[in-house]
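As stored in model-v7.txt (compact mmCIF, C-alpha atoms):
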# COMPACT_ATOMS: atom_id res chain seq x y z
CA MET A 1 52.19 79.42 -130.05
CA ALA A 2 53.65 81.57 -132.84
CA PHE A 3 51.36 81.69 -135.84
CA ALA A 4 52.72 81.53 -139.35
CA GLU A 5 51.61 84.45 -141.47
CA PRO A 6 50.05 82.92 -144.59
CA ALA A 7 51.44 83.93 -147.93
CA VAL A 8 48.64 85.91 -149.55
CA LEU A 9 48.53 85.39 -153.30
CA ALA A 10 45.57 87.64 -154.07
CA ARG A 11 43.93 87.03 -157.41
CA ARG A 12 42.26 89.64 -159.56
CA TRP A 13 38.54 89.67 -158.92
CA SER A 14 36.51 89.43 -162.10
CA PRO A 15 32.76 89.46 -161.47
CA GLN A 16 30.50 86.93 -163.13
CA PRO A 17 28.23 88.30 -165.93
CA LEU A 18 25.20 88.44 -163.62
CA MET A 19 27.18 90.42 -161.05
CA ARG A 20 28.34 92.81 -163.77
CA LEU A 21 24.71 93.38 -164.68
CA SER A 22 23.79 93.98 -161.03
CA LEU A 23 26.63 96.45 -160.56
CA THR A 24 25.52 98.26 -163.71
CA LEU A 25 21.94 98.46 -162.44
CA TYR A 26 23.00 99.93 -159.10
CA ALA A 27 25.44 102.36 -160.72
CA GLY A 28 22.76 103.58 -163.10
CA ALA A 29 19.98 103.87 -160.54
CA LEU A 30 20.83 107.37 -159.28
CA PRO A 31 21.34 108.92 -162.73
CA ALA A 32 18.08 107.29 -163.87
CA LEU A 33 16.30 108.71 -160.85
CA LEU A 34 17.63 112.20 -161.58
CA VAL A 35 16.55 112.01 -165.22
CA PHE A 36 13.23 110.24 -164.61
CA PRO A 37 12.14 111.24 -161.09
CA ASN A 38 8.53 110.28 -161.78
CA HIS A 39 9.63 106.69 -162.39
CA TRP A 40 11.14 106.23 -158.93
CA LEU A 41 8.85 103.31 -158.11
CA ALA A 42 9.82 101.37 -161.25
CA ILE A 43 13.52 101.98 -160.55
CA ALA A 44 13.09 100.84 -156.94
CA LEU A 45 11.27 97.70 -158.05
CA VAL A 46 14.05 96.82 -160.51
CA LEU A 47 16.66 97.17 -157.76
CA LEU A 48 14.51 95.18 -155.34
CA GLY A 49 14.07 92.39 -157.88
CA ASP A 50 17.81 92.25 -158.52
CA HIS A 51 18.49 92.16 -154.79
CA LEU A 52 16.02 89.32 -154.24
CA LEU A 53 17.58 87.38 -157.13
CA LEU A 54 21.05 87.67 -155.57
CA VAL A 55 19.71 86.63 -152.16
CA GLY A 56 18.09 83.58 -153.74
CA LEU A 57 21.31 82.61 -155.53
CA GLY A 58 23.25 82.97 -152.28
CA MET A 59 20.88 80.46 -150.66
CA TRP A 60 21.59 77.97 -153.48
CA PRO A 61 24.95 76.41 -152.53
CA ARG A 62 25.75 74.93 -155.95
CA SER A 63 24.91 78.07 -157.94
CA ARG A 64 27.64 79.52 -160.15
CA LEU A 65 25.67 82.46 -161.52
CA MET A 66 26.69 84.88 -158.77
CA ASP A 67 30.28 83.84 -158.07
CA ARG A 68 33.02 81.36 -158.88
CA ASN A 69 32.13 78.05 -157.32
CA ILE A 70 33.92 74.74 -157.83
CA LEU A 71 31.54 71.76 -158.09
CA HIS A 72 33.86 69.23 -159.73
CA LEU A 73 37.55 68.46 -159.90
CA PRO A 74 39.44 69.68 -162.98
CA GLU A 75 39.51 67.64 -166.16
CA ALA A 76 43.07 66.41 -165.53
CA ALA A 77 41.99 64.94 -162.19
CA ARG A 78 38.97 63.30 -163.80
CA LEU A 79 41.20 61.69 -166.40
CA ARG A 80 43.43 60.37 -163.59
CA GLY A 81 40.35 58.71 -162.05
CA GLU A 82 40.38 60.95 -158.97
CA ILE A 83 37.60 62.04 -156.66
CA SER A 84 37.85 64.14 -153.50
CA LEU A 85 36.32 63.33 -150.14
CA THR A 86 35.78 66.46 -148.08
CA PHE A 87 34.79 66.68 -144.42
CA ASP A 88 33.21 69.70 -142.73
CA ASP A 89 32.86 71.14 -139.22
CA GLY A 90 35.60 69.22 -137.35
CA PRO A 91 37.87 68.44 -135.83
CA ASP A 92 35.96 66.31 -133.33
CA PRO A 93 38.21 64.34 -130.94
CA ALA A 94 35.66 61.50 -130.82
CA VAL A 95 35.17 61.21 -134.60
CA THR A 96 38.06 62.71 -136.58
CA PRO A 97 40.71 60.18 -135.40
CA GLN A 98 38.44 57.30 -136.49
CA VAL A 99 37.88 58.97 -139.87
CA LEU A 100 41.66 59.27 -140.29
CA GLU A 101 42.12 55.57 -139.49
CA LEU A 102 39.49 54.55 -142.04
CA LEU A 103 41.09 56.72 -144.71
CA ASP A 104 44.52 55.23 -143.95
CA ARG A 105 43.22 51.68 -144.39
CA HIS A 106 42.22 52.49 -147.95
CA GLY A 107 45.16 54.74 -148.80
CA ALA A 108 42.69 57.58 -149.34
CA LYS A 109 43.46 61.28 -148.94
CA ALA A 110 40.88 63.95 -148.17
CA SER A 111 40.37 67.63 -147.42
CA PHE A 112 39.01 68.83 -144.08
CA PHE A 113 37.18 72.14 -143.87
CA PHE A 114 37.60 73.26 -140.26
CA PRO A 115 36.06 76.37 -138.68
CA ALA A 116 39.11 78.07 -137.17
CA ILE A 117 37.55 78.35 -133.71
CA GLN A 118 37.08 74.57 -133.70
CA ALA A 119 40.61 73.98 -135.01
CA ALA A 120 41.97 76.21 -132.23
CA ALA A 121 40.29 73.96 -129.67
CA HIS A 122 42.09 70.88 -131.03
CA PRO A 123 45.39 71.97 -132.62
CA ALA A 124 47.02 68.55 -132.22
CA LEU A 125 44.26 67.02 -134.33
CA VAL A 126 44.80 69.62 -137.04
CA GLN A 127 48.48 68.70 -137.13
CA GLU A 128 47.61 64.99 -137.21
CA VAL A 129 45.41 65.54 -140.27
CA ILE A 130 48.34 67.18 -142.03
CA HIS A 131 50.76 64.49 -140.82
CA ARG A 132 48.55 61.83 -142.44
CA GLY A 133 48.81 63.56 -145.82
CA HIS A 134 45.44 65.33 -145.96
CA SER A 135 44.73 69.03 -146.34
CA VAL A 136 43.04 71.46 -143.97
CA GLU A 137 40.99 74.18 -145.62
CA ASN A 138 39.14 77.35 -144.59
CA HIS A 139 35.54 77.03 -143.35
CA SER A 140 35.29 80.51 -141.79
CA TYR A 141 36.18 81.46 -138.24
CA ARG A 142 32.98 80.77 -136.30
CA HIS A 143 30.75 78.86 -138.76
CA ALA A 144 27.94 81.29 -137.91
CA ASN A 145 24.44 80.57 -139.18
CA THR A 146 24.26 84.25 -140.17
CA PHE A 147 27.45 84.14 -142.27
CA ALA A 148 25.56 84.88 -145.51
CA CYS A 149 24.22 88.11 -143.96
CA TYR A 150 27.64 89.59 -143.12
CA GLY A 151 28.92 92.81 -144.65
CA TRP A 152 32.28 93.36 -146.29
CA ARG A 153 34.36 94.03 -143.16
CA ARG A 154 32.96 91.14 -141.18
CA LEU A 155 33.36 88.71 -144.08
CA ARG A 156 37.01 89.75 -144.45
CA ARG A 157 37.59 89.25 -140.74
CA GLU A 158 35.99 85.79 -140.77
CA VAL A 159 37.97 84.64 -143.79
CA GLU A 160 41.34 86.23 -143.00
CA LEU A 161 41.38 85.39 -139.28
CA SER A 162 40.57 81.77 -140.10
CA GLN A 163 43.29 81.79 -142.75
CA ARG A 164 45.93 82.98 -140.24
CA LEU A 165 44.91 80.59 -137.48
CA ILE A 166 44.75 77.50 -139.68
CA ALA A 167 48.07 78.38 -141.33
CA GLY A 168 49.60 78.52 -137.85
CA PHE A 169 48.26 75.14 -136.78
CA ALA A 170 48.66 73.32 -140.09
CA GLY A 171 51.94 74.86 -141.22
CA ARG A 172 50.43 75.81 -144.58
CA ALA A 173 47.82 78.29 -145.66
CA PRO A 174 44.51 76.90 -146.95
CA GLU A 175 43.92 77.12 -150.69
CA PHE A 176 40.17 76.53 -150.66
CA PHE A 177 37.14 77.96 -148.87
CA ARG A 178 33.71 76.54 -148.20
CA ALA A 179 31.03 78.80 -146.77
CA PRO A 180 29.08 77.57 -143.73
CA MET A 181 26.23 75.45 -145.11
CA GLY A 182 27.29 76.65 -148.57
CA LEU A 183 25.36 79.92 -148.07
CA ARG A 184 26.94 83.23 -149.06
CA ASN A 185 26.29 86.70 -150.46
CA PRO A 186 27.72 88.71 -153.40
CA LEU A 187 30.47 90.25 -151.24
CA LEU A 188 32.16 86.92 -150.53
CA ASP A 189 33.71 86.37 -153.97
CA PRO A 190 35.87 89.54 -153.90
CA VAL A 191 36.84 88.78 -150.27
CA LEU A 192 38.07 85.34 -151.31
CA ALA A 193 39.96 86.87 -154.25
CA LEU A 194 41.85 89.16 -151.85
CA ALA A 195 42.74 86.16 -149.68
CA GLY A 196 43.83 84.08 -152.68
CA LEU A 197 41.21 81.42 -151.93
CA ARG A 198 39.03 79.38 -154.29
CA GLN A 199 35.45 78.58 -153.31
CA VAL A 200 34.42 74.92 -153.30
CA THR A 201 31.02 73.38 -152.65
CA TRP A 202 30.37 69.81 -153.82
CA THR A 203 29.17 67.52 -156.56
CA ARG A 204 26.87 65.78 -154.07
CA ARG A 205 26.38 65.41 -150.34
CA GLY A 206 24.87 62.74 -148.13
CA TYR A 207 23.21 65.06 -145.60
CA ASP A 208 25.04 63.16 -142.87
CA ALA A 209 24.80 66.19 -140.58
CA VAL A 210 21.02 65.82 -140.38
CA CYS A 211 20.22 62.24 -141.46
CA GLY A 212 21.04 59.36 -139.11
CA VAL A 213 20.13 56.60 -141.58
CA SER A 214 23.40 55.33 -143.03
CA ASP A 215 21.82 53.58 -146.04
CA LYS A 216 20.19 56.81 -147.20
CA VAL A 217 23.37 58.81 -146.72
CA LEU A 218 25.41 56.23 -148.64
CA GLN A 219 22.89 56.10 -151.48
CA ARG A 220 23.01 59.88 -151.92
CA LEU A 221 26.82 59.89 -152.03
CA CYS A 222 27.15 56.94 -154.42
CA HIS A 223 24.37 57.73 -156.87
CA GLY A 224 26.19 58.41 -160.14
CA LEU A 225 29.60 58.24 -158.46
CA ALA A 226 32.25 59.11 -161.05
CA ALA A 227 35.75 60.47 -161.49
CA GLY A 228 35.90 64.20 -160.82
CA ASP A 229 33.31 64.15 -158.04
CA ILE A 230 33.66 66.17 -154.83
CA LEU A 231 31.77 64.48 -152.00
CA LEU A 232 30.72 66.20 -148.77
CA LEU A 233 30.62 64.46 -145.38
CA HIS A 234 30.95 65.69 -141.79
CA ASP A 235 33.44 64.69 -139.12
CA GLY A 236 32.01 67.45 -136.91
CA ARG A 237 28.36 67.91 -135.91
CA ALA A 238 27.61 64.53 -137.46
CA ALA A 239 24.12 63.06 -137.15
CA ARG A 240 23.89 59.89 -135.10
CA GLU A 241 22.24 56.58 -135.69
CA PRO A 242 19.73 55.23 -133.13
CA SER A 243 22.64 53.33 -131.54
CA GLY A 244 24.47 56.62 -130.94
CA GLN A 245 27.14 55.92 -133.57
CA PRO A 246 28.02 58.97 -135.72
CA VAL A 247 26.57 58.11 -139.11
CA VAL A 248 29.75 59.11 -140.93
CA LEU A 249 31.60 56.25 -139.24
CA SER A 250 29.07 53.74 -140.58
CA VAL A 251 28.96 55.25 -144.06
CA LEU A 252 32.66 55.88 -144.68
CA PRO A 253 33.89 52.23 -144.75
CA GLN A 254 31.19 51.32 -147.29
CA LEU A 255 31.84 54.45 -149.33
CA LEU A 256 35.59 53.80 -149.46
CA ALA A 257 34.95 50.20 -150.53
CA ARG A 258 32.74 51.40 -153.39
CA ILE A 259 35.34 53.96 -154.44
CA ASP A 260 37.96 51.20 -154.55
CA ALA A 261 35.64 48.86 -156.46
CA ALA A 262 35.02 51.57 -159.05
CA GLY A 263 38.76 51.95 -159.60
CA LEU A 264 38.73 55.53 -158.32
CA ASN A 265 41.33 57.24 -156.15
CA SER A 266 40.42 59.70 -153.38
CA VAL A 267 42.79 62.67 -153.19
CA SER A 268 42.85 65.98 -151.35
CA LEU A 269 41.78 69.10 -153.23
CA PRO A 270 45.34 70.49 -153.54
CA MET A 271 46.43 67.15 -155.00
CA ALA A 272 43.55 67.18 -157.50
CA PHE A 273 44.33 70.73 -158.64
CA ARG A 274 48.05 70.21 -159.05
CA PRO A 275 49.37 71.01 -162.57

Structure rendered as structure tokens:
Amino acid sequence: MAFAEPAVLARRWSPQPLMRLSLTLYAGALPALLVFPNHWLAIALVLLGDHLLLVGLGMWPRSRLMDRNILHLPEAARLRGEISLTFDDGPDPAVTPQVLELLDRHGAKASFFFPAIQAAAHPALVQEVIHRGHSVENHSYRHANTFACYGWRRLRREVELSQRLIAGFAGRAPEFFRAPMGLRNPLLDPVLALAGLRQVTWTRRGYDAVCGVSDKVLQRLCHGLAAGDILLLHDGRAAREPSGQPVVLSVLPQLLARIDAAGLNSVSLPMAFRP
């Protein structure tokens, strides 16, 4: 199969204020050490504290102190009464087609964050997602548990290889990126800027990848449900109820009914961010 080369619309990387401070601290460490060699321990402790702070922020998926991180749809989408359902870790041939059918019944559109290695295993499903009017977005290449520990070169490879593969299967390059489990490090934001991607996490999630109790998952997703929300579910690696049913398939019909009852409209992320 010939892969489409995605159009790369790199954006200028502008670090967040906290990152500017961190970069200033690291840039000034050597001169400070040369001027005040007897204070090497204090300088080392300052750098260590800054490093630990950044690590902690990277383990906090909804943090926006370290990097740009979309938690809600833009104001225009909120005023249109839109929310966005997003699904991670698919496609799964046993689950994703049923999710697509449920979305169709309610006229709902969604965004699917596929690890590229999983998308490559089921290219027809990727194309079916696009055919049904949804979007496929970048969720890294391998979805490695150690993703947040990667250095610059490996992060670029994960992001850019996934971008090329998904563009080939879907016929369009992803516009959005979600880190595996939402965990990342300070190097990811400039990597995403080079790839022209915007990072998205969520307004709330149901923990349907680990919780097999549909009522609890539904309650977490619907608590405070409002226009502008980004909801996270899983069509891949979904937890299962005692009956063996993937919990997402029990939750989604009820969630879609509540969205309809609230007069909200589920759209894909590219639809929500249109001018």

Per residue of segment 155-243 of chain A within 12 Å of segment 19-37 of chain A, what are the shortest atom pair and its distance in Å to one decimal, counting only C-alpha atoms, with rows by chain and residue number, as CSV?
residue,atom,partner,partner_atom,distance
A:Asn185,CA,A:Met19,CA,11.3
A:Pro186,CA,A:Met19,CA,7.9
A:Leu187,CA,A:Met19,CA,10.3
A:Asp189,CA,A:Met19,CA,10.4
A:Pro190,CA,A:Met19,CA,11.3

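Remark: for Ala76 of chain A, the closest of the candidate residues A:Leu194, A:Met59, A:Ala227, A:Leu100 is A:Ala227 (distances computed over all atoms listed in the file).
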
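Pairwise distance (atom CA of Asn145 of chain A, atom CA of Pro61 of chain A) equals 14.0 Å.
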
Spatial neighbours of segment 155-159 of chain A, 6 Å, all atoms listed in the file, chain gap at least 2 places, as a PDB file with C-alpha atoms, in the coordinates of the input:
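So out.pdb came out as:
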ATOM      1  CA  SER A 140      35.290  80.510-141.790  1.00  0.00           C
ATOM      2  CA  TYR A 141      36.180  81.460-138.240  1.00  0.00           C
ATOM      3  CA  TYR A 150      27.640  89.590-143.120  1.00  0.00           C
ATOM      4  CA  TRP A 152      32.280  93.360-146.290  1.00  0.00           C
ATOM      5  CA  ARG A 153      34.360  94.030-143.160  1.00  0.00           C
ATOM      6  CA  LEU A 161      41.380  85.390-139.280  1.00  0.00           C
ATOM      7  CA  SER A 162      40.570  81.770-140.100  1.00  0.00           C
ATOM      8  CA  VAL A 191      36.840  88.780-150.270  1.00  0.00           C
TER       9      VAL A 191
END

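Between atom CA of Thr201 of chain A and atom CA of Leu221 of chain A there is a distance of 14.1 Å.
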
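Counting from atom CA of Phe87 of chain A, the distance to atom CA of Leu192 of chain A is 20.2 Å.
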
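The shortest atom-to-atom distance to Leu232 of chain A, with all atoms listed in the file taken into account, belongs to A:Phe113 out of A:Phe273, A:Phe113, A:Phe176, A:Phe147.
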
message: Neighbouring residues of Arg62 of chain A were defined as those with any atom within 12 Å, considering all atoms listed in the file; residues of the same chain fewer than 4 positions away were excluded. Please report them as number ranges by chain.
response: A: 56-58, 66-72, 178-179, 181-184, 199-205, 230

message: Give me the residues near His134 of chain A as a ChimeraX atom specification, where near means some atom within 7 Å (using only C-alpha atoms) and where sequence neighbours in that chain fewer than 5 positions away do not count.
response: /A:109-111,129,268

query: Which polymer residues have any atom within 10 Å of an atom of segment 249-259 of chain A, counting all atoms listed in the file, with same-chain residues fewer than 2 positions away left out, as an NGL selection string?
result: :A and (82-83 or 85 or 95-96 or 98-99 or 102-103 or 105-108 or 206 or 208 or 212-219 or 221-222 or 225-227 or 233-235 or 238 or 240-241 or 245-247 or 261-266)

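Here the question is which of A:Gly236, A:Arg78, A:His143, A:Glu137 gets nearest to Ala94 of chain A using only C-alpha atoms, and that residue is A:Gly236.
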
The centre and edge lengths of an axis-aligned box containing all atoms of segment 48-58 of chain A present in the file, extended by 3 Å on each side, are to be given in Å to one decimal, as lines of an AutoDock Vina configuration file.
center_x = 18.7
center_y = 88.9
center_z = -155.3
size_x = 15.2
size_y = 18.6
size_z = 12.4

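Proximity of A:Arg198, A:Arg12, A:Arg220, A:Arg172 to Val136 of chain A, computed with only C-alpha atoms, is greatest for A:Arg172.
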
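Considering the residues A:Leu165, A:Ala209, A:Cys149, A:Leu45 and counting all atoms listed in the file, Ala121 of chain A has its shortest atom-to-atom contact with A:Leu165.
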
Shell around Leu125 of chain A at 9 Å using all atoms listed in the file, local window under 3 positions removed, as a ChimeraX atom specification: /A:91-93,96-97,119,122,128-130

How would segment 71-100 of chain A read, as a PDB file, in the coordinates of the input, once N, CA and C atoms are built in?
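File result_21.pdb, as written:
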ATOM      1  N   LEU A  71      32.434  72.883-158.368  1.00  0.00           N
ATOM      2  CA  LEU A  71      31.540  71.760-158.090  1.00  0.00           C
ATOM      3  C   LEU A  71      32.176  70.425-158.430  1.00  0.00           C
ATOM      4  N   HIS A  72      33.200  70.449-159.272  1.00  0.00           N
ATOM      5  CA  HIS A  72      33.860  69.230-159.730  1.00  0.00           C
ATOM      6  C   HIS A  72      35.371  69.450-159.759  1.00  0.00           C
ATOM      7  N   LEU A  73      36.114  68.377-159.734  1.00  0.00           N
ATOM      8  CA  LEU A  73      37.550  68.460-159.900  1.00  0.00           C
ATOM      9  C   LEU A  73      37.883  68.813-161.349  1.00  0.00           C
ATOM     10  N   PRO A  74      39.083  69.328-161.599  1.00  0.00           N
ATOM     11  CA  PRO A  74      39.440  69.680-162.980  1.00  0.00           C
ATOM     12  C   PRO A  74      39.525  68.460-163.877  1.00  0.00           C
ATOM     13  N   GLU A  75      39.524  68.721-165.177  1.00  0.00           N
ATOM     14  CA  GLU A  75      39.510  67.640-166.160  1.00  0.00           C
ATOM     15  C   GLU A  75      40.703  66.710-166.001  1.00  0.00           C
ATOM     16  N   ALA A  76      41.880  67.260-165.691  1.00  0.00           N
ATOM     17  CA  ALA A  76      43.070  66.410-165.530  1.00  0.00           C
ATOM     18  C   ALA A  76      42.872  65.410-164.402  1.00  0.00           C
ATOM     19  N   ALA A  77      42.257  65.841-163.308  1.00  0.00           N
ATOM     20  CA  ALA A  77      41.990  64.940-162.190  1.00  0.00           C
ATOM     21  C   ALA A  77      40.972  63.874-162.579  1.00  0.00           C
ATOM     22  N   ARG A  78      39.969  64.282-163.350  1.00  0.00           N
ATOM     23  CA  ARG A  78      38.970  63.300-163.800  1.00  0.00           C
ATOM     24  C   ARG A  78      39.632  62.223-164.657  1.00  0.00           C
ATOM     25  N   LEU A  79      40.523  62.648-165.535  1.00  0.00           N
ATOM     26  CA  LEU A  79      41.200  61.690-166.400  1.00  0.00           C
ATOM     27  C   LEU A  79      42.126  60.763-165.606  1.00  0.00           C
ATOM     28  N   ARG A  80      42.595  61.227-164.454  1.00  0.00           N
ATOM     29  CA  ARG A  80      43.430  60.370-163.590  1.00  0.00           C
ATOM     30  C   ARG A  80      42.569  59.446-162.734  1.00  0.00           C
ATOM     31  N   GLY A  81      41.245  59.552-162.834  1.00  0.00           N
ATOM     32  CA  GLY A  81      40.350  58.710-162.050  1.00  0.00           C
ATOM     33  C   GLY A  81      40.255  59.138-160.596  1.00  0.00           C
ATOM     34  N   GLU A  82      40.377  60.448-160.348  1.00  0.00           N
ATOM     35  CA  GLU A  82      40.380  60.950-158.970  1.00  0.00           C
ATOM     36  C   GLU A  82      39.019  61.504-158.572  1.00  0.00           C
ATOM     37  N   ILE A  83      38.706  61.331-157.305  1.00  0.00           N
ATOM     38  CA  ILE A  83      37.600  62.040-156.660  1.00  0.00           C
ATOM     39  C   ILE A  83      38.173  62.676-155.396  1.00  0.00           C
ATOM     40  N   SER A  84      37.392  63.522-154.747  1.00  0.00           N
ATOM     41  CA  SER A  84      37.850  64.140-153.500  1.00  0.00           C
ATOM     42  C   SER A  84      36.787  63.996-152.428  1.00  0.00           C
ATOM     43  N   LEU A  85      37.167  63.367-151.320  1.00  0.00           N
ATOM     44  CA  LEU A  85      36.320  63.330-150.140  1.00  0.00           C
ATOM     45  C   LEU A  85      36.626  64.571-149.308  1.00  0.00           C
ATOM     46  N   THR A  86      35.587  65.280-148.913  1.00  0.00           N
ATOM     47  CA  THR A  86      35.780  66.460-148.080  1.00  0.00           C
ATOM     48  C   THR A  86      34.916  66.323-146.822  1.00  0.00           C
ATOM     49  N   PHE A  87      35.458  66.793-145.711  1.00  0.00           N
ATOM     50  CA  PHE A  87      34.790  66.680-144.420  1.00  0.00           C
ATOM     51  C   PHE A  87      34.667  68.063-143.797  1.00  0.00           C
ATOM     52  N   ASP A  88      33.475  68.384-143.307  1.00  0.00           N
ATOM     53  CA  ASP A  88      33.210  69.700-142.730  1.00  0.00           C
ATOM     54  C   ASP A  88      33.036  69.645-141.215  1.00  0.00           C
ATOM     55  N   ASP A  89      33.295  70.802-140.592  1.00  0.00           N
ATOM     56  CA  ASP A  89      32.860  71.140-139.220  1.00  0.00           C
ATOM     57  C   ASP A  89      33.672  70.501-138.098  1.00  0.00           C
ATOM     58  N   GLY A  90      34.725  69.749-138.400  1.00  0.00           N
ATOM     59  CA  GLY A  90      35.600  69.220-137.350  1.00  0.00           C
ATOM     60  C   GLY A  90      36.623  70.261-136.956  1.00  0.00           C
ATOM     61  N   PRO A  91      37.667  69.825-136.243  1.00  0.00           N
ATOM     62  CA  PRO A  91      37.870  68.440-135.830  1.00  0.00           C
ATOM     63  C   PRO A  91      37.079  68.085-134.572  1.00  0.00           C
ATOM     64  N   ASP A  92      36.672  66.838-134.496  1.00  0.00           N
ATOM     65  CA  ASP A  92      35.960  66.310-133.330  1.00  0.00           C
ATOM     66  C   ASP A  92      36.834  65.201-132.753  1.00  0.00           C
ATOM     67  N   PRO A  93      37.286  65.335-131.502  1.00  0.00           N
ATOM     68  CA  PRO A  93      38.210  64.340-130.940  1.00  0.00           C
ATOM     69  C   PRO A  93      37.624  62.942-130.842  1.00  0.00           C
ATOM     70  N   ALA A  94      36.284  62.820-130.887  1.00  0.00           N
ATOM     71  CA  ALA A  94      35.660  61.500-130.820  1.00  0.00           C
ATOM     72  C   ALA A  94      35.460  60.888-132.205  1.00  0.00           C
ATOM     73  N   VAL A  95      35.503  61.691-133.257  1.00  0.00           N
ATOM     74  CA  VAL A  95      35.170  61.210-134.600  1.00  0.00           C
ATOM     75  C   VAL A  95      36.346  61.320-135.563  1.00  0.00           C
ATOM     76  N   THR A  96      37.004  62.472-135.592  1.00  0.00           N
ATOM     77  CA  THR A  96      38.060  62.710-136.580  1.00  0.00           C
ATOM     78  C   THR A  96      39.160  61.650-136.558  1.00  0.00           C
ATOM     79  N   PRO A  97      39.678  61.230-135.379  1.00  0.00           N
ATOM     80  CA  PRO A  97      40.710  60.180-135.400  1.00  0.00           C
ATOM     81  C   PRO A  97      40.236  58.884-136.053  1.00  0.00           C
ATOM     82  N   GLN A  98      38.962  58.524-135.857  1.00  0.00           N
ATOM     83  CA  GLN A  98      38.440  57.300-136.490  1.00  0.00           C
ATOM     84  C   GLN A  98      38.308  57.484-138.001  1.00  0.00           C
ATOM     85  N   VAL A  99      37.929  58.690-138.437  1.00  0.00           N
ATOM     86  CA  VAL A  99      37.880  58.970-139.870  1.00  0.00           C
ATOM     87  C   VAL A  99      39.275  58.834-140.478  1.00  0.00           C
ATOM     88  N   LEU A 100      40.283  59.349-139.786  1.00  0.00           N
ATOM     89  CA  LEU A 100      41.660  59.270-140.290  1.00  0.00           C
ATOM     90  C   LEU A 100      42.114  57.810-140.407  1.00  0.00           C
TER      91      LEU A 100
END
